[in-house]
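Asks: Input: one structure, supplied below.
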Amino acid sequence: MKAILKYILLTAARDWLFIGLAIAVIASSGISFFLGSTALSEQNMMQVAFISGSTRLILVIGMVLFICFHIRRSFENREIEFIISRPISRSTFLFAYFFSFVVLSFILIIPIIILIYFLFSPTLLGLFGWSFSVFCELVLLSTFAILASLMLRSAVSAVLGCFGFYIISRIMGYAVSTIIIPAKLNNINFNIGLEILLKFLSSLLPRLDQFAQSKWLIYGDIQVSNISFFLIQSVIYITLILLMSIYDFNKKQF
Amino acid sequence: MVRILLSKDRKKQIVLDIALILVLFVQITFWYHTKHIKPDMIIVPEVPKETTVHLLSLGDSQFYFRQLAFKIQNAGDSWGRFTALKDYNYESLSRWFYLLDKLDSKSNFIPSLASYYYSQTQTPEDTVYIVQYLRDHVKKDPRTKWWWLSQAVYIANHRLKDKKLALEVAYELAATPNDVDMPMWARQMPAFIHEQLGERESAKKIIADIMDNFDDFAPGEINFMEYFLRERLEDETFRTEVIEELRYRAQKKLESEGISN
């Protein structure tokens, strides 16, 4: 497992993931500072909101792109075939990959936490809640990216699939809570069908709309229930995705 | 006549070069005929539905709130424009304020934008939307938002010049719970409006009411009340009564603090 972790970190460095994301985060922070400073009032809050939202998106995009292209490239170069020809079970191999991406997510989130803490001094609870939820979100997306890369033959499809999953997961929570009210729609028969379909889809997707709320950084109003919500959701969904990945990987013929 | 024989590849290359030049020429011609088309420069953007806004926020309503608030701050002044406030559709603006309050009613950004910037319109009648918005905004949390009611009173009184409306709002401001740390001038606002309306008895009643309900007056507040009663209400008897009472209370307070020390 250590060898795979070192290999992933080396590949990340070689693919300019750290430098690329650092440049992107610095650029977005600069733009956020500038835009926030032109606000009529609450300049700090504006800057915090812009930085937190943009850096979250940058990290998600960076991780998804790196994981999808890395895994597909490993398949194409037959690196994965070589590794699993060694005395290492497929499950262990997948866990090693998963663990490596967890470590990578942790390494990427640390500079963001330091940046926000030293520039804006938010409440510690708010900062902890936001950072931990972003970390959980990154790990969840990374796990899904592993699954997508295993299932889909093309890196581009895997990336697009991950982005689609991310957007729908962030929308679905609110969509279900408004659309399940039959009065909102005109045709009652259509309501029931759509309601059932949306509820079914929603049950299979994580509630990412409850993760990484910028208001926790600004107002510090995060409850223990919020933290336990995204922690439990992350554990359940990551376990589900990992099991699906193991199931798919075990069935693969090389 | 010399016949120049060209190879197949060379002929293909020539055709490609000609095609490239032709298409480039077509592009430049197309640009020439369409360069006058400008983007739709509306001043106040269309107000989306609340459901749409929540969906587009992708779960992070605070981030989206700040983006939209920024958009409304700069509405009409994009693309190098500077638009006079009289050209804004204030009814639309007001709907934007209410919509953004649904994303974040805690923030003071929208009320400050409304009261400090958008109230400066060259069409004072439009400020009625600002006053109504500020009144509704404060109802969400009167204990911490009272300042915006004082702004609403000022706008209604001096911009809209509707003293009846200003008085209504001033009474709402004065009705803020007594334990809220609010300066006396805010609680006395109905008295100022009554005085401007020539209703001196009503103004005195407000002052008397405040005297009955509050004990702690800063020296600056006492001085202002003294000025108001002397110069504006011109009631020497009432002034003497009030000031003597206030001085007595201040003295008692000093004595009790002296004893406790």
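Order determines the names: the first chain of the structure tokens is A, the second B, and so forth; residues in each chain are numbered 1 upward, and ligands are numbered 1 upward as they are shown.
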Could you list, with a cut-off of 9 Å and counting only C-alpha atoms, the residues of segment 108-167 of chain B near segment 177-189 of chain B, each shown with its nearest atom pair and the distance in Å rounded to one decimal, rows sorted by chain and ascending number, as JSON lines?
Replies:
```
{"residue": "B:Pro142", "atom": "CA", "partner": "B:Pro177", "partner_atom": "CA", "distance": 8.4}
{"residue": "B:Arg143", "atom": "CA", "partner": "B:Val180", "partner_atom": "CA", "distance": 6.1}
{"residue": "B:Thr144", "atom": "CA", "partner": "B:Val180", "partner_atom": "CA", "distance": 8.1}
{"residue": "B:Trp146", "atom": "CA", "partner": "B:Met182", "partner_atom": "CA", "distance": 8.1}
{"residue": "B:Trp147", "atom": "CA", "partner": "B:Ala186", "partner_atom": "CA", "distance": 8.4}
{"residue": "B:Ser150", "atom": "CA", "partner": "B:Ala186", "partner_atom": "CA", "distance": 6.6}
{"residue": "B:Val153", "atom": "CA", "partner": "B:Met189", "partner_atom": "CA", "distance": 8.2}
{"residue": "B:Leu167", "atom": "CA", "partner": "B:Met189", "partner_atom": "CA", "distance": 8.1}
```
Asks: How close does each residue of segment 83-190 of chain B get to segment 213-224 of chain A, giving the shortest atom pair and distance in Å to one decimal for every residue with an atom at most 10 Å away, counting only C-alpha atoms, sorted by chain and residue number, as a tab-separated table?
Replies:
```
residue	atom	partner	partner_atom	distance
B:Asp104	CA	A:Lys215	CA	9.0
B:Lys106	CA	A:Tyr219	CA	8.9
B:Ser107	CA	A:Tyr219	CA	9.4
```
Asks: Dump C-alpha atoms for the selected residues as a CSV table (one decimal), in the first residue's frame?
Replies:
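Saved result, result_23.csv, follows:
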```csv
chain,number,residue,atom,x,y,z
B,104,ASP,CA,-29.8,35.0,3.4
B,106,LYS,CA,-29.0,37.6,8.2
B,107,SER,CA,-26.7,39.6,5.9
```
Asks: When DSSP works through the backbone of this structure, what residues of segment 107-189 of chain B end up as alpha helix (DSSP H), shown as JSON, numbers by chain?
Replies: {"B": [109, 110, 111, 112, 127, 128, 129, 130, 131, 132, 133, 134, 135, 136, 137, 138, 139, 142, 143, 144, 145, 146, 147, 148, 149, 150, 151, 152, 153, 154, 163, 164, 165, 166, 167, 168, 169, 170, 171, 172, 173, 174, 184, 185, 186, 187, 189]}
Asks: Can you pull out every residue within 8 Å of segment 233-248 of chain A, counting only C-alpha atoms, but drop anything in the same chain fewer than 6 positions away, and send it as a ChimeraX atom specification?
Replies: /A:90-91,94,136-137,139-140,143-144,146-147,150-151,206-207
Asks: When you get a sec, could you note down which chain B residues fall within 7 Å of chain A, using only C-alpha atoms, as an mmCIF file with C-alpha atoms, in the first residue's frame?
Replies:
```cif
data_model
loop_
_atom_site.group_PDB
_atom_site.id
_atom_site.type_symbol
_atom_site.label_atom_id
_atom_site.label_comp_id
_atom_site.auth_asym_id
_atom_site.auth_seq_id
_atom_site.Cartn_x
_atom_site.Cartn_y
_atom_site.Cartn_z
ATOM 1 C CA LEU B 55 -31.569 24.851 -7.689
ATOM 2 C CA LEU B 58 -26.138 23.794 -6.050
ATOM 3 C CA GLY B 59 -26.563 23.502 -2.295
ATOM 4 C CA ASP B 60 -24.317 26.456 -1.348
ATOM 5 C CA GLN B 62 -24.455 31.651 0.672
ATOM 6 C CA PHE B 63 -22.034 31.494 -2.278
ATOM 7 C CA ARG B 66 -23.070 36.744 -2.683
ATOM 8 C CA PHE B 70 -22.804 41.496 -6.365
ATOM 9 C CA PHE B 109 -25.624 43.721 2.403
ATOM 10 C CA LEU B 113 -27.376 48.575 -0.756
#
```
Asks: Skipping near chain neighbours, those fewer than 6 positions away, what residues fall within 12 Å of Glu244 of chain B using only C-alpha atoms, listed as an NGL selection string?
Replies: :B and (211 or 222 or 225-226 or 236-238 or 250-251)
Asks: Could those residues be written to a file, using N, CA and C atoms, as a PDB file, in the first residue's frame?
Replies:
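Listed below is the output, selection-v3.pdb:
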```pdb
ATOM      1  N   MET B 211     -39.451  58.446  29.182  1.00  0.00           N
ATOM      2  CA  MET B 211     -39.027  58.725  30.558  1.00  0.00           C
ATOM      3  C   MET B 211     -39.571  57.666  31.507  1.00  0.00           C
ATOM      4  N   ILE B 222     -29.124  63.322  27.072  1.00  0.00           N
ATOM      5  CA  ILE B 222     -29.805  64.307  27.925  1.00  0.00           C
ATOM      6  C   ILE B 222     -29.692  65.691  27.280  1.00  0.00           C
ATOM      7  N   MET B 225     -32.037  65.957  24.345  1.00  0.00           N
ATOM      8  CA  MET B 225     -33.445  66.073  24.746  1.00  0.00           C
ATOM      9  C   MET B 225     -33.728  67.485  25.245  1.00  0.00           C
ATOM     10  N   GLU B 226     -32.762  68.017  25.955  1.00  0.00           N
ATOM     11  CA  GLU B 226     -32.899  69.385  26.466  1.00  0.00           C
ATOM     12  C   GLU B 226     -33.043  70.375  25.321  1.00  0.00           C
ATOM     13  N   GLU B 236     -41.068  75.273  27.971  1.00  0.00           N
ATOM     14  CA  GLU B 236     -40.098  75.484  29.054  1.00  0.00           C
ATOM     15  C   GLU B 236     -40.466  74.660  30.292  1.00  0.00           C
ATOM     16  N   THR B 237     -41.766  74.598  30.584  1.00  0.00           N
ATOM     17  CA  THR B 237     -42.223  73.892  31.792  1.00  0.00           C
ATOM     18  C   THR B 237     -41.903  72.405  31.682  1.00  0.00           C
ATOM     19  N   PHE B 238     -42.289  71.841  30.554  1.00  0.00           N
ATOM     20  CA  PHE B 238     -42.053  70.413  30.335  1.00  0.00           C
ATOM     21  C   PHE B 238     -40.560  70.115  30.305  1.00  0.00           C
ATOM     22  N   ALA B 250     -29.642  60.645  37.222  1.00  0.00           N
ATOM     23  CA  ALA B 250     -28.194  60.522  36.999  1.00  0.00           C
ATOM     24  C   ALA B 250     -27.453  60.648  38.331  1.00  0.00           C
ATOM     25  N   GLN B 251     -27.928  61.576  39.175  1.00  0.00           N
ATOM     26  CA  GLN B 251     -27.320  61.790  40.479  1.00  0.00           C
ATOM     27  C   GLN B 251     -27.443  60.537  41.350  1.00  0.00           C
TER      28      GLN B 251
END
```
Asks: What's the separation between atom CA of Arg135 of chain B and atom CA of Lys49 of chain B, in Å to one decimal place?
Replies: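 These two atoms are separated by 22.2 Å.
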Asks: Find the distance between atom CA of Ala3 of chain A and atom CA of Asn77 of chain A and write it in Å to one decimal.
Replies: 18.2 Å
